[in-house]
>>> print(open('input05.txt').read())   # compact mmCIF, C-alpha atoms
# COMPACT_ATOMS: atom_id res chain seq x y z
CA MET A 132 0.00 0.00 0.00
CA GLY A 133 0.99 3.62 -0.54
CA ARG A 134 2.23 5.94 2.20
CA ARG A 135 0.42 9.18 3.10
CA SER A 136 2.33 11.70 5.16
CA SER A 137 1.65 15.20 6.39
CA LEU A 138 4.69 17.25 5.46
CA GLU A 139 3.97 20.05 7.92
CA SER A 140 2.62 20.47 11.44
CA TYR A 141 -0.91 21.71 11.91
CA ALA A 142 -2.42 23.40 14.95
CA ARG A 143 -5.78 22.14 16.08
CA PRO A 144 -8.17 24.52 17.88
CA LEU A 145 -9.81 23.55 21.16
CA GLY A 146 -12.61 21.04 20.85
CA ARG A 147 -12.89 17.35 20.10
CA GLY A 148 -12.42 15.64 16.79
CA GLY A 149 -10.96 12.52 15.33
CA ALA A 150 -8.05 11.34 13.26
CA ALA A 151 -10.42 11.35 10.31
CA GLY A 152 -10.39 15.12 10.53
CA PHE A 153 -6.60 15.48 10.38
CA TRP A 154 -6.43 15.80 6.62
CA MET A 155 -9.32 18.29 6.49
CA MET A 156 -7.50 20.34 9.10
CA ALA A 157 -4.32 20.08 7.06
CA ALA A 158 -6.09 21.49 4.03
CA LEU A 159 -7.36 24.46 6.00
CA MET A 160 -4.43 25.48 8.20
CA LEU A 161 -0.83 26.54 7.89
CA ALA A 162 1.77 25.28 10.34
CA VAL A 163 1.76 26.95 13.70
CA VAL A 164 4.61 26.36 16.09
CA ALA A 165 3.50 26.63 19.70
CA CYS A 166 5.93 27.70 22.34
CA GLY A 167 5.99 28.64 26.00
CA GLY A 168 2.91 27.73 28.02
CA GLY A 169 2.42 26.98 31.65
CA GLY A 170 1.77 23.22 31.82
CA ALA A 171 2.75 20.91 34.65
CA GLY A 172 5.26 19.23 32.38
CA ASP A 173 7.10 22.41 31.34
CA ASP A 174 9.91 21.90 33.84
CA ASP A 175 10.49 18.47 32.36
CA GLY A 176 10.69 19.68 28.78
CA ASP A 177 7.40 18.13 27.72
CA ALA A 178 5.34 19.44 24.82
CA ALA A 179 4.07 22.85 25.90
CA ALA A 180 0.48 22.63 27.11
CA GLY A 181 -0.40 26.32 27.15
CA GLU A 182 -0.90 26.76 23.40
CA GLU A 183 -2.90 25.24 20.56
CA TRP A 184 -2.21 21.63 19.84
CA VAL A 185 0.44 21.19 17.14
CA PHE A 186 0.83 17.71 15.72
CA GLU A 187 2.27 15.72 12.85
CA THR A 188 0.64 12.68 11.28
CA THR A 189 1.87 9.94 9.01
CA SER A 190 -0.24 7.13 7.64
CA GLU A 191 0.77 3.78 6.23
CA GLY A 192 -1.80 1.05 5.66
CA ASP A 193 -3.82 0.55 8.84
CA LEU A 194 -1.29 2.47 10.95
CA THR A 195 -1.68 6.18 11.62
CA THR A 196 1.00 7.85 13.72
CA VAL A 197 0.04 11.01 15.61
CA ARG A 198 3.00 12.89 17.05
CA THR A 199 2.37 15.78 19.41
CA VAL A 200 4.86 18.56 18.71
CA ALA A 201 3.57 21.23 21.10
CA GLY A 202 0.51 22.47 22.95
CA SER A 203 -2.64 20.56 23.79
CA MET A 204 -6.35 20.43 22.99
CA TRP A 205 -7.17 21.79 26.45
CA GLY A 206 -4.77 24.65 25.88
CA GLY A 207 -3.43 24.36 29.42
CA THR A 208 -3.14 22.14 32.47
CA ALA A 209 -6.21 20.50 33.97
CA ARG A 210 -6.45 19.99 37.72
CA LEU A 211 -8.30 17.81 40.19
CA GLU A 212 -10.68 19.45 42.66
CA GLU A 213 -11.55 17.22 45.65
CA GLN A 214 -15.30 16.74 46.04
CA LEU A 215 -15.58 13.92 48.56
CA SER A 216 -13.41 11.89 50.93
CA ILE A 217 -14.58 8.64 52.52
CA GLY A 218 -12.49 6.85 55.13
CA VAL A 219 -11.14 7.45 58.63
CA ASP A 220 -8.34 6.21 60.86
CA GLN A 221 -10.63 5.62 63.83
CA GLY A 222 -14.41 5.60 63.94
CA GLU A 223 -17.31 3.62 62.53
CA GLN A 224 -16.33 0.32 60.94
CA ALA A 225 -18.03 1.20 57.66
CA TYR A 226 -15.56 4.06 57.15
CA MET A 227 -12.40 2.15 58.14
CA PHE A 228 -11.02 0.44 55.06
CA GLY A 229 -8.72 -2.56 55.11
CA ARG A 230 -7.82 -3.77 51.60
CA LEU A 231 -9.58 -2.13 48.68
CA SER A 232 -9.94 -3.96 45.37
CA GLY A 233 -12.08 -1.58 43.37
CA VAL A 234 -14.16 1.59 43.33
CA ALA A 235 -16.97 2.67 41.01
CA SER A 236 -19.86 5.11 40.77
CA TYR A 237 -23.41 4.92 39.48
CA GLN A 238 -26.06 7.65 39.73
CA GLU A 239 -23.85 9.54 42.21
CA ARG A 240 -23.54 6.58 44.55
CA VAL A 241 -20.04 5.37 45.38
CA TYR A 242 -19.25 1.63 45.51
CA VAL A 243 -16.16 0.40 47.35
CA LEU A 244 -15.05 -3.24 47.33
CA ASP A 245 -13.23 -3.91 50.59
CA SER A 246 -11.68 -7.37 50.42
CA SER A 247 -11.01 -7.40 54.14
CA VAL A 248 -14.75 -7.39 54.99
CA PRO A 249 -15.46 -8.72 52.30
CA ALA A 250 -18.35 -6.76 50.81
CA VAL A 251 -19.21 -3.98 48.43
CA ARG A 252 -19.82 -0.95 50.62
CA VAL A 253 -22.26 1.63 49.27
CA TYR A 254 -22.17 5.37 50.00
CA ASP A 255 -24.49 8.15 48.89
CA ALA A 256 -23.53 11.38 47.13
CA GLN A 257 -22.51 12.94 50.46
CA GLY A 258 -20.32 9.96 51.41
CA ARG A 259 -22.78 8.54 53.97
CA TYR A 260 -22.74 4.77 54.35
CA SER A 261 -25.88 3.12 52.90
CA GLY A 262 -25.20 -0.58 53.38
CA ASP A 263 -23.32 -3.61 52.06
CA ILE A 264 -23.81 -5.77 49.00
CA GLY A 265 -22.61 -9.37 49.25
CA SER A 266 -20.86 -11.13 52.09
CA GLU A 267 -18.20 -13.73 52.80
CA GLY A 268 -18.86 -17.34 51.87
CA ASP A 269 -19.31 -19.83 49.06
CA GLY A 270 -23.05 -19.62 48.54
CA PRO A 271 -25.19 -17.44 46.24
CA GLY A 272 -24.33 -13.78 46.67
CA GLU A 273 -21.15 -14.61 48.59
CA PHE A 274 -17.44 -14.49 47.79
CA ARG A 275 -13.99 -14.83 49.32
CA SER A 276 -10.93 -12.62 48.71
CA PRO A 277 -12.62 -10.55 45.99
CA ASP A 278 -10.18 -8.72 43.72
CA GLY A 279 -12.27 -6.83 41.17
CA LEU A 280 -15.35 -4.60 40.98
CA LEU A 281 -17.34 -3.62 37.91
CA VAL A 282 -20.57 -1.62 37.71
CA GLY A 283 -22.26 -1.75 34.32
CA ASP A 284 -24.08 1.06 32.56
CA ASP A 285 -27.35 -0.51 33.73
CA GLY A 286 -26.21 -0.41 37.37
CA ARG A 287 -25.56 -4.15 37.73
CA ILE A 288 -22.68 -4.95 40.05
CA TYR A 289 -20.04 -7.60 39.27
CA VAL A 290 -17.65 -8.85 41.94
CA ARG A 291 -14.70 -10.97 40.85
CA ALA A 292 -12.89 -13.45 43.11
CA MET A 293 -10.29 -15.11 40.91
CA ARG A 294 -8.75 -17.30 43.59
CA GLN A 295 -12.23 -18.59 44.37
CA GLY A 296 -12.96 -18.98 40.66
CA ARG A 297 -16.16 -16.98 40.40
CA ILE A 298 -17.86 -13.73 39.45
CA THR A 299 -20.94 -12.80 41.47
CA ILE A 300 -23.57 -10.51 39.93
CA PHE A 301 -26.08 -8.30 41.76
CA GLU A 302 -28.79 -5.89 40.75
CA ASN A 303 -28.11 -2.32 41.78
CA ASP A 304 -30.30 -2.73 44.87
CA GLY A 305 -28.14 -5.65 46.04
CA THR A 306 -30.42 -8.47 44.85
CA PHE A 307 -28.39 -11.54 43.88
CA VAL A 308 -28.60 -12.35 40.15
CA ASP A 309 -26.11 -15.05 39.19
CA THR A 310 -22.69 -16.60 39.68
CA TRP A 311 -20.29 -17.14 36.77
CA SER A 312 -17.40 -19.55 37.07
CA LEU A 313 -13.89 -18.80 35.88
CA GLU A 314 -10.56 -20.50 36.18
CA ALA A 315 -9.24 -19.88 39.66
CA GLY A 316 -5.76 -18.83 40.61
CA PHE A 317 -4.57 -16.59 37.78
CA VAL A 318 -4.46 -12.88 38.54
CA ILE A 319 -2.31 -10.91 36.10
CA ARG A 320 -1.72 -7.33 35.12
CA PRO A 321 -3.72 -5.56 34.08
CA ALA A 322 -6.04 -6.64 36.88
CA ALA A 323 -8.77 -4.52 35.34
CA PHE A 324 -12.29 -5.85 35.01
CA VAL A 325 -13.85 -4.42 31.84
CA MET A 326 -17.28 -4.33 30.22
CA THR A 327 -17.03 -3.33 26.58
CA ALA A 328 -19.61 -1.33 24.64
CA ASP A 329 -21.39 -4.48 23.44
CA GLY A 330 -21.96 -5.65 27.03
CA THR A 331 -19.23 -8.31 27.07
CA VAL A 332 -17.43 -8.68 30.41
CA TYR A 333 -13.67 -9.32 30.17
CA SER A 334 -11.29 -10.39 32.89
CA PRO A 335 -7.58 -11.29 32.56
CA GLY A 336 -6.37 -14.86 32.61
CA ARG A 337 -4.63 -17.71 30.84
CA ILE A 338 -5.51 -18.50 27.23
CA GLY A 339 -4.95 -22.07 26.12
CA PRO A 340 -3.71 -25.10 28.07
CA ARG A 341 -1.96 -24.92 31.40
CA PRO A 342 1.82 -25.47 31.02
CA THR A 343 3.04 -28.87 32.16
CA GLU A 344 6.45 -27.60 33.31
CA MET A 345 6.09 -25.13 36.18
CA ARG A 346 9.78 -24.49 36.81
CA GLY A 347 11.47 -21.44 35.39
CA PRO A 348 9.65 -18.87 33.29
CA MET A 349 6.17 -20.20 32.46
CA MET A 350 5.38 -19.79 28.79
CA MET A 351 1.66 -19.08 28.85
CA GLN A 352 -0.55 -17.07 26.59
CA MET A 353 -2.30 -14.49 28.70
CA GLY A 354 -4.92 -11.94 27.84
CA MET A 355 -8.43 -10.67 28.44
CA ILE A 356 -11.07 -13.40 28.34
CA PRO A 357 -14.84 -12.96 27.85
CA ARG A 358 -16.67 -14.21 30.93
CA GLY A 359 -20.14 -15.46 31.70
CA PRO A 360 -22.87 -17.21 29.71
CA ALA A 361 -23.71 -14.07 27.75
CA ASP A 362 -20.30 -13.49 26.18
CA GLY A 363 -21.90 -13.69 22.74
CA GLY A 364 -19.17 -15.90 21.39
CA ALA A 365 -16.58 -13.13 21.78
CA ALA A 366 -12.99 -14.25 21.29
CA PRO A 367 -10.26 -13.79 23.89
CA ILE A 368 -7.97 -10.81 23.37
CA LEU A 369 -4.32 -11.82 23.50
CA GLN A 370 -1.84 -9.85 25.56
CA PRO A 371 0.28 -7.79 23.12
CA THR A 372 3.82 -8.96 22.49
CA PHE A 373 6.91 -6.84 21.89
CA ASP A 374 10.48 -7.58 20.95
CA TYR A 375 11.54 -6.50 24.40
CA GLN A 376 12.30 -8.26 27.65
CA PRO A 377 12.34 -6.11 30.80
CA PRO A 378 15.67 -6.58 32.62
CA SER A 379 15.44 -8.43 35.92
CA PHE A 380 17.41 -10.39 38.47
CA THR A 381 16.87 -14.10 39.03
CA ARG A 382 17.83 -16.03 42.14
CA GLU A 383 17.43 -19.78 42.65
CA GLN A 384 17.12 -21.54 45.99
CA ARG A 385 17.53 -25.29 45.73
CA SER A 386 16.68 -28.00 48.24
CA ALA A 387 16.34 -31.74 48.02
CA SER A 388 12.66 -31.47 47.13
CA GLU A 389 12.23 -28.20 45.21
CA VAL A 390 13.69 -25.29 43.35
CA ARG A 391 12.43 -21.83 44.22
CA ILE A 392 12.97 -19.10 41.67
CA MET A 393 12.76 -15.45 42.65
CA MET A 394 12.60 -12.82 39.92
CA MET A 395 12.95 -9.13 40.70
CA PRO A 396 12.76 -6.31 38.16
CA VAL A 397 15.58 -3.80 37.91
CA PRO A 398 14.34 -0.57 39.51
CA PHE A 399 13.00 1.90 36.96
CA ALA A 400 13.33 -0.57 34.11
CA ALA A 401 10.83 0.09 31.33
CA GLN A 402 7.94 -2.39 31.33
CA ILE A 403 5.43 -3.63 28.78
CA VAL A 404 2.14 -1.88 29.62
CA TRP A 405 -1.26 -2.73 28.19
CA ALA A 406 -4.96 -2.38 28.92
CA LEU A 407 -8.36 -3.02 27.36
CA ALA A 408 -10.58 0.06 27.01
CA PRO A 409 -14.37 -0.05 27.48
CA SER A 410 -14.61 0.82 23.78
CA GLY A 411 -12.92 -2.51 22.98
CA ALA A 412 -9.67 -0.84 21.91
CA LEU A 413 -6.42 -2.45 23.04
CA ILE A 414 -3.84 0.03 24.32
CA ALA A 415 -0.22 -1.09 24.62
CA GLY A 416 3.35 0.14 24.65
CA VAL A 417 6.80 -0.19 26.18
CA GLY A 418 7.89 2.54 28.54
CA ASN A 419 11.38 2.92 27.07
CA GLU A 420 9.98 5.70 24.85
CA TYR A 421 6.86 7.84 24.82
CA SER A 422 5.02 5.83 22.20
CA PHE A 423 2.00 3.54 22.50
CA ASP A 424 -0.53 1.95 20.15
CA ILE A 425 -4.32 2.11 20.24
CA THR A 426 -5.73 -0.84 18.27
CA THR A 427 -9.43 -0.78 17.47
CA PRO A 428 -11.55 -3.97 17.34
CA GLY A 429 -11.49 -3.55 13.54
CA GLY A 430 -7.69 -3.76 13.47
CA SER A 431 -6.71 -0.17 12.64
CA VAL A 432 -3.89 1.22 14.79
CA THR A 433 -3.19 4.73 16.01
CA ARG A 434 0.35 5.17 17.28
CA VAL A 435 0.62 8.01 19.78
CA VAL A 436 4.03 9.68 20.09
CA MET A 437 5.17 12.67 22.13
CA ASP A 438 8.68 14.00 22.70
CA GLN A 439 9.56 14.37 26.33
CA GLU A 440 12.54 15.31 28.46
CA PRO A 441 13.36 12.24 30.62
CA ILE A 442 13.15 12.46 34.41
CA ALA A 443 16.61 11.84 35.87
CA ILE A 444 17.10 9.46 38.79
CA ALA A 445 18.82 11.38 41.60
CA GLY A 446 22.12 9.97 42.85
CA ARG A 447 20.94 9.23 46.41
CA GLU A 448 17.68 7.84 45.04
CA ARG A 449 19.61 5.49 42.78
CA ASP A 450 21.90 4.32 45.60
CA TRP A 451 18.95 3.60 47.88
CA HIS A 452 17.21 1.42 45.28
CA ILE A 453 20.43 -0.54 44.75
CA GLU A 454 20.62 -1.12 48.51
CA GLN A 455 17.02 -2.40 48.56
CA VAL A 456 17.54 -4.84 45.69
CA THR A 457 20.71 -6.12 47.31
CA ALA A 458 19.01 -6.62 50.69
CA ARG A 459 16.10 -8.53 49.13
CA MET A 460 18.29 -10.80 47.03
CA ARG A 461 20.60 -11.53 49.97
CA GLY A 462 17.57 -12.69 51.92
CA GLY A 463 18.00 -16.01 50.10
CA ASP A 464 21.67 -15.78 49.13
CA PRO A 465 23.94 -13.91 51.61
CA GLU A 466 26.72 -13.78 49.00
CA TRP A 467 24.61 -12.19 46.25
CA MET A 468 26.23 -9.26 44.46
CA TRP A 469 24.75 -6.87 41.91
CA THR A 470 26.77 -7.62 38.76
CA GLY A 471 24.20 -6.41 36.22
CA PRO A 472 22.06 -5.51 34.43
CA GLU A 473 22.66 -1.83 35.02
CA MET A 474 19.99 0.48 36.37
CA ALA A 475 18.90 3.23 34.00
CA THR A 476 19.84 6.83 34.72
CA VAL A 477 16.36 8.13 33.83
CA LYS A 478 12.84 6.99 34.67
CA PRO A 479 10.59 5.29 32.10
CA ALA A 480 8.63 7.44 29.68
CA PHE A 481 5.47 5.91 31.22
CA ASP A 482 4.47 3.01 33.43
CA GLN A 483 0.66 3.21 33.19
CA LEU A 484 -1.82 3.29 30.33
CA LEU A 485 -5.25 3.64 31.94
CA PRO A 486 -8.34 3.91 29.71
CA ASP A 487 -11.34 5.60 31.30
CA HIS A 488 -15.08 5.39 30.64
CA SER A 489 -15.13 8.46 28.42
CA GLY A 490 -12.87 7.42 25.56
CA ARG A 491 -9.62 8.75 27.02
CA VAL A 492 -6.27 7.28 28.01
CA TRP A 493 -4.47 8.48 31.13
CA VAL A 494 -0.72 8.04 30.72
CA GLY A 495 1.02 7.84 34.09
CA ARG A 496 4.73 8.09 34.82
CA SER A 497 7.12 8.70 37.68
CA GLY A 498 8.12 12.27 38.33
CA PRO A 499 11.05 13.52 40.41
CA GLY A 500 11.77 11.42 43.47
CA ILE A 501 10.67 12.58 46.92
CA GLU A 502 13.06 11.84 49.78
CA ASN A 503 11.69 10.87 53.19
CA PRO A 504 14.11 11.93 55.94
CA ASP A 505 12.18 9.85 58.52
CA CYS A 506 12.80 6.46 56.90
CA GLU A 507 14.27 3.79 59.13
CA GLU A 508 16.34 0.71 58.34
CA ASP A 509 15.49 -2.74 59.65
CA ILE A 510 18.88 -3.96 60.84
CA GLU A 511 18.00 -7.63 60.31
CA THR A 512 16.72 -7.34 56.73
CA GLY A 513 18.48 -4.23 55.49
CA LEU A 514 15.13 -2.93 54.20
CA TRP A 515 13.73 0.48 54.99
CA ASP A 516 10.24 1.19 56.30
CA PRO A 517 8.85 3.62 55.43
CA ALA A 518 10.62 3.91 52.10
CA CYS A 519 13.35 6.52 51.85
CA TRP A 520 12.25 7.50 48.34
CA THR A 521 8.86 7.70 46.67
CA ASN A 522 7.89 9.01 43.26
CA SER A 523 5.74 11.99 42.45
CA ARG A 524 3.27 11.20 39.68
CA LEU A 525 2.74 12.92 36.34
CA TYR A 526 -0.31 12.34 34.11
CA ASP A 527 -1.07 13.15 30.49
CA VAL A 528 -4.45 12.52 28.87
CA PHE A 529 -5.14 11.56 25.25
CA ASP A 530 -8.29 10.57 23.43
CA LEU A 531 -8.57 7.28 21.55
CA GLU A 532 -7.80 9.00 18.26
CA GLY A 533 -4.38 10.14 19.46
CA SER A 534 -5.24 13.76 20.28
CA TYR A 535 -3.27 15.14 23.21
CA LEU A 536 -5.82 16.67 25.55
CA GLY A 537 -3.23 17.89 28.04
CA PRO A 538 -1.53 17.27 31.38
CA VAL A 539 -3.33 17.00 34.71
CA GLU A 540 -1.92 18.55 37.87
CA VAL A 541 -2.60 16.16 40.74
CA PRO A 542 -2.45 16.59 44.55
CA ALA A 543 0.53 15.34 46.53
CA GLY A 544 0.28 11.61 47.15
CA PHE A 545 -2.26 11.10 44.36
CA ARG A 546 -2.01 8.10 42.09
CA LEU A 547 -4.24 5.99 39.88
CA ASP A 548 -4.21 2.24 39.48
CA GLU A 549 -6.14 -0.25 37.35
CA GLN A 550 -8.98 -0.22 39.89
CA ALA A 551 -9.61 3.53 39.68
CA TRP A 552 -12.83 4.76 38.04
CA ILE A 553 -12.96 7.79 35.74
CA LYS A 554 -15.93 9.01 33.72
CA GLY A 555 -16.61 12.50 32.40
CA ASP A 556 -15.25 14.90 35.00
CA VAL A 557 -15.47 12.40 37.88
CA VAL A 558 -12.30 10.69 39.14
CA LEU A 559 -12.56 8.05 41.89
CA THR A 560 -9.47 6.47 43.39
CA ALA A 561 -8.26 4.95 46.65
CA LEU A 562 -5.27 6.53 48.40
CA GLU A 563 -3.17 5.41 51.35
CA ASP A 564 -1.28 7.92 53.46
CA GLU A 565 2.05 7.46 55.23
CA ASP A 566 0.24 6.16 58.33
CA GLY A 567 -1.55 3.45 56.35
CA VAL A 568 -4.97 5.14 56.47
CA ILE A 569 -6.96 4.38 53.31
CA THR A 570 -9.44 6.87 51.91
CA VAL A 571 -11.58 6.90 48.79
CA LYS A 572 -11.36 10.26 47.07
CA LYS A 573 -13.76 11.72 44.54
CA TYR A 574 -12.37 14.52 42.40
CA ARG A 575 -13.74 16.75 39.71
CA LEU A 576 -11.58 17.10 36.64
CA VAL A 577 -11.36 20.84 35.97
CA VAL A 578 -10.29 21.59 32.40
CA PRO A 579 -8.98 25.04 31.38
CA GLU A 580 -11.70 27.28 29.96
>>> encode(input="input05.txt", output="structure tokens")
Amino acid sequence: MGRRSSLESYARPLGRGGAAGFWMMAALMLAVVACGGGGAGDDDGDAAAGEEWVFETTSEGDLTTVRTVAGSMWGGTARLEEQLSIGVDQGEQAYMFGRLSGVASYQERVYVLDSSVPAVRVYDAQGRYSGDIGSEGDGPGEFRSPDGLLVGDDGRIYVRAMRQGRITIFENDGTFVDTWSLEAGFVIRPAAFVMTADGTVYSPGRIGPRPTEMRGPMMMQMGMIPRGPADGGAAPILQPTFDYQPPSFTREQRSASEVRIMMMPVPFAAQIVWALAPSGALIAGVGNEYSFDITTPGGSVTRVVMDQEPIAIAGRERDWHIEQVTARMRGGDPEWMWTGPEMATVKPAFDQLLPDHSGRVWVGRSGPGIENPDCEEDIETGLWDPACWTNSRLYDVFDLEGSYLGPVEVPAGFRLDEQAWIKGDVVLTALEDEDGVITVKKYRLVVPE
């Protein structure tokens, strides 16, 4: 097939639009080079967010590459405004969280899956506790060690317990509906629990036969698998593969009866990151560069690229991570020495690709390290608790057509994981402070006017 390429950069005005409109825009506009701007990423040399979005596109077959040169669709930095906080250190049991495995919202109610109860705890729009859905056990409407929560567009509630091998479904009022079986024991990243636009529920797991040899690296096909009797004959979605192997350390402990293999990633090594969006698009990339692919169910691919100044790993931060790896590996081999692979000098371009319920992708990465002067070393293990270094978090948001919407300024200590819930201007996530107190926070995404 022929190759179509834009030979210039084109600025896109604020507003939403798709890749299909790139060429129309190109016919109407001359190149505009954005500069300056006051985005959160300016100090890091990211594409300026305070101007119109300037991009370049190339197209070859089913692949369209969208490279952000400068600016953003929002024309500035969005921020998160806290609307609600649920959770206390001491007080009523319903507000003291133990181990959260998912949050969601429906008609302004907030649903929190606390695996330590275990139950889905329900709160109203003001954060007042309304009651529990489900309980511990093996019977109808019961579960053990739940690890995933999904609330459909119709309000139905799905609770996954992979180690128990089941998904339990409830009506929005808590009435038990059904139990679906699934293969127990396999919980992989992404741990997300996704309902696509056609109503199919997907959960991660093994695809194909179980390997017969369980020693060493297990060669299994993993991916997102349609669950339940109403999967409509949908096919599993294979985990994307890349010609890249994240560097790691391996340590073997042998005895007369077994061989134990411990694998530990090199700190700040780029990882393969992927996720299934509610639209059915598969989003995947490797964090060694700011580039990821959005593959539609029809097979077309949008490659999203943005130039970015890497975040350097501070010298003391680097030394501390080396000490931690060494202490952990010497827990099984007192003579272990770090002889390679080398730790990078900069942090990955991203380590999260999180699709939300509004056709956007939140790209998360580690920002500058934050040193904790109150960390303490355990003399016996050589490990430090609390950690001496943590990472600030930086977030960029794109739409599924590759448009760079802009960066989001987040509060200190904020982070998203696969269990967070984002739709429209509502962001729900669970946070844990330095004292171990867990709270569920509801934010409003405030976009520049």
>>> closest_residue(input="input05.txt", among="A:Tyr535, A:Phe423, A:Phe481, A:Trp515", to="A:Gln455", atoms="all atoms listed in the file")
A:Trp515
>>> closest_residue(input="input05.txt", among="A:Thr476, A:Gln214, A:Thr570, A:Ser247", to="A:Glu448", atoms="only C-alpha atoms")
A:Thr476
>>> closest_atom_pairs(input="input05.txt", of="stretch 370-458 of chain A", to="stretch 195-204 of chain A", cutoff="7 Å", atoms="all atoms listed in the file", output="Markdown table")
| residue | atom | partner | partner_atom | distance |
| --- | --- | --- | --- | --- |
| A:Val432 | CA | A:Thr195 | CA | 6.3 |
| A:Thr433 | CA | A:Thr195 | CA | 4.9 |
| A:Arg434 | CA | A:Thr196 | CA | 4.5 |
| A:Val435 | CA | A:Val197 | CA | 5.2 |
| A:Val436 | CA | A:Arg198 | CA | 4.5 |
| A:Met437 | CA | A:Thr199 | CA | 5.0 |
>>> closest_residue(input="input05.txt", among="A:Thr470, A:Gln439, A:Gln483, A:Ser190", to="A:Val417", atoms="all atoms listed in the file")
A:Gln483
>>> atom_distance(input="input05.txt", atom1="atom CA of A:Pro340", atom2="atom CA of A:Leu313")
14.3 Å
>>> residues_around(input="input05.txt", residues="A:Gly462", least_positions_apart="5", cutoff="10 Å", atoms="only C-alpha atoms", output="list of chain:residue names")
A:Thr457, A:Trp467, A:Glu511, A:Thr512, A:Gly513
>>> closest_residue(input="input05.txt", among="A:Gly446, A:Gly495, A:Gly233, A:Tyr226", to="A:Tyr254", atoms="all atoms listed in the file")
A:Tyr226
>>> closest_residue(input="input05.txt", among="A:Val492, A:Cys519, A:Ile403, A:Ala412", to="A:Lys554", atoms="only C-alpha atoms")
A:Val492
>>> residues_around(input="input05.txt", residues="A:Thr327", least_positions_apart="5", cutoff="8 Å", atoms="all atoms listed in the file", output="JSON, numbers by chain")
{"A": [332, 333, 408, 409, 410, 411]}
>>> closest_residue(input="input05.txt", among="A:Trp405, A:Glu213, A:Arg391, A:Arg252", to="A:Thr426", atoms="only C-alpha atoms")
A:Trp405
>>> residues_around(input="input05.txt", residues="A:Asp566", least_positions_apart="3", cutoff="12 Å", atoms="all atoms listed in the file", output="list in words")
Val219, Asp220, Asp516, Pro517, Leu562, Glu563, Ile569 and Thr570 of chain A
>>> residues_near_point(input="input05.txt", point="(-24.4, -19.9, 43.6)", cutoff="6 Å", atoms="only C-alpha atoms", output="list of chain:residue names")
A:Gly270, A:Pro271, A:Thr310
>>> atom_distance(input="input05.txt", atom1="atom CA of A:Glu532", atom2="atom CA of A:Thr188")
11.6 Å
>>> residues_near_point(input="input05.txt", point="(-2.5, 22.1, 36.6)", cutoff="6 Å", atoms="all atoms listed in the file", output="PDB file with C-alpha atoms, in the coordinates of the input")
ATOM      1  CA  ALA A 171       2.750  20.910  34.650  1.00  0.00           C
ATOM      2  CA  THR A 208      -3.140  22.140  32.470  1.00  0.00           C
ATOM      3  CA  ALA A 209      -6.210  20.500  33.970  1.00  0.00           C
ATOM      4  CA  ARG A 210      -6.450  19.990  37.720  1.00  0.00           C
ATOM      5  CA  VAL A 539      -3.330  17.000  34.710  1.00  0.00           C
ATOM      6  CA  GLU A 540      -1.920  18.550  37.870  1.00  0.00           C
TER       7      GLU A 540
END
>>> atom_distance(input="input05.txt", atom1="atom CA of A:Gly286", atom2="atom CA of A:Gln238")
8.4 Å
>>> residues_around(input="input05.txt", residues="A:Val234", least_positions_apart="3", cutoff="10 Å", atoms="only C-alpha atoms", output="list in words")
Leu231, Val241, Tyr242, Val243, Leu244, Asp245, Val251, Arg252, Gly279, Leu280, Leu281, Val282, Gln550, Ala551, Trp552, Ile553, Leu559, Thr560, Ala561, Val571 and Lys572 of chain A
>>> axis_aligned_box(input="input05.txt", around="stretch 355-371 of chain A", padding_each_side="5 Å", output="lines of an AutoDock Vina configuration file")
center_x = -11.7
center_y = -12.5
center_z = 26.5
size_x = 34.0
size_y = 19.4
size_z = 20.4
>>> residues_around(input="input05.txt", residues="A:Glu383", least_positions_apart="4", cutoff="8 Å", atoms="only C-alpha atoms", output="ChimeraX atom specification")
/A:390-393
>>> decode(input="input05.txt", residues="stretch 182-189 of chain A", atoms="N, CA and C atoms", output="PDB file, in the first residue's frame")
ATOM      1  N   GLU A 182      -0.617  26.232  24.716  1.00  0.00           N
ATOM      2  CA  GLU A 182      -0.900  26.757  23.395  1.00  0.00           C
ATOM      3  C   GLU A 182      -1.771  25.764  22.637  1.00  0.00           C
ATOM      4  N   GLU A 183      -2.150  26.157  21.394  1.00  0.00           N
ATOM      5  CA  GLU A 183      -2.902  25.238  20.558  1.00  0.00           C
ATOM      6  C   GLU A 183      -2.107  23.964  20.311  1.00  0.00           C
ATOM      7  N   TRP A 184      -2.853  22.927  20.056  1.00  0.00           N
ATOM      8  CA  TRP A 184      -2.205  21.634  19.838  1.00  0.00           C
ATOM      9  C   TRP A 184      -1.580  21.598  18.445  1.00  0.00           C
ATOM     10  N   VAL A 185      -0.285  21.318  18.394  1.00  0.00           N
ATOM     11  CA  VAL A 185       0.445  21.190  17.141  1.00  0.00           C
ATOM     12  C   VAL A 185       0.880  19.741  17.004  1.00  0.00           C
ATOM     13  N   PHE A 186       0.551  19.140  15.883  1.00  0.00           N
ATOM     14  CA  PHE A 186       0.827  17.714  15.718  1.00  0.00           C
ATOM     15  C   PHE A 186       1.289  17.426  14.300  1.00  0.00           C
ATOM     16  N   GLU A 187       1.887  16.253  14.151  1.00  0.00           N
ATOM     17  CA  GLU A 187       2.266  15.723  12.847  1.00  0.00           C
ATOM     18  C   GLU A 187       1.632  14.349  12.695  1.00  0.00           C
ATOM     19  N   THR A 188       1.193  14.015  11.522  1.00  0.00           N
ATOM     20  CA  THR A 188       0.641  12.685  11.279  1.00  0.00           C
ATOM     21  C   THR A 188       1.316  12.045  10.087  1.00  0.00           C
ATOM     22  N   THR A 189       1.475  10.745  10.154  1.00  0.00           N
ATOM     23  CA  THR A 189       1.871   9.945   9.005  1.00  0.00           C
ATOM     24  C   THR A 189       0.938   8.753   8.959  1.00  0.00           C
TER      25      THR A 189
END
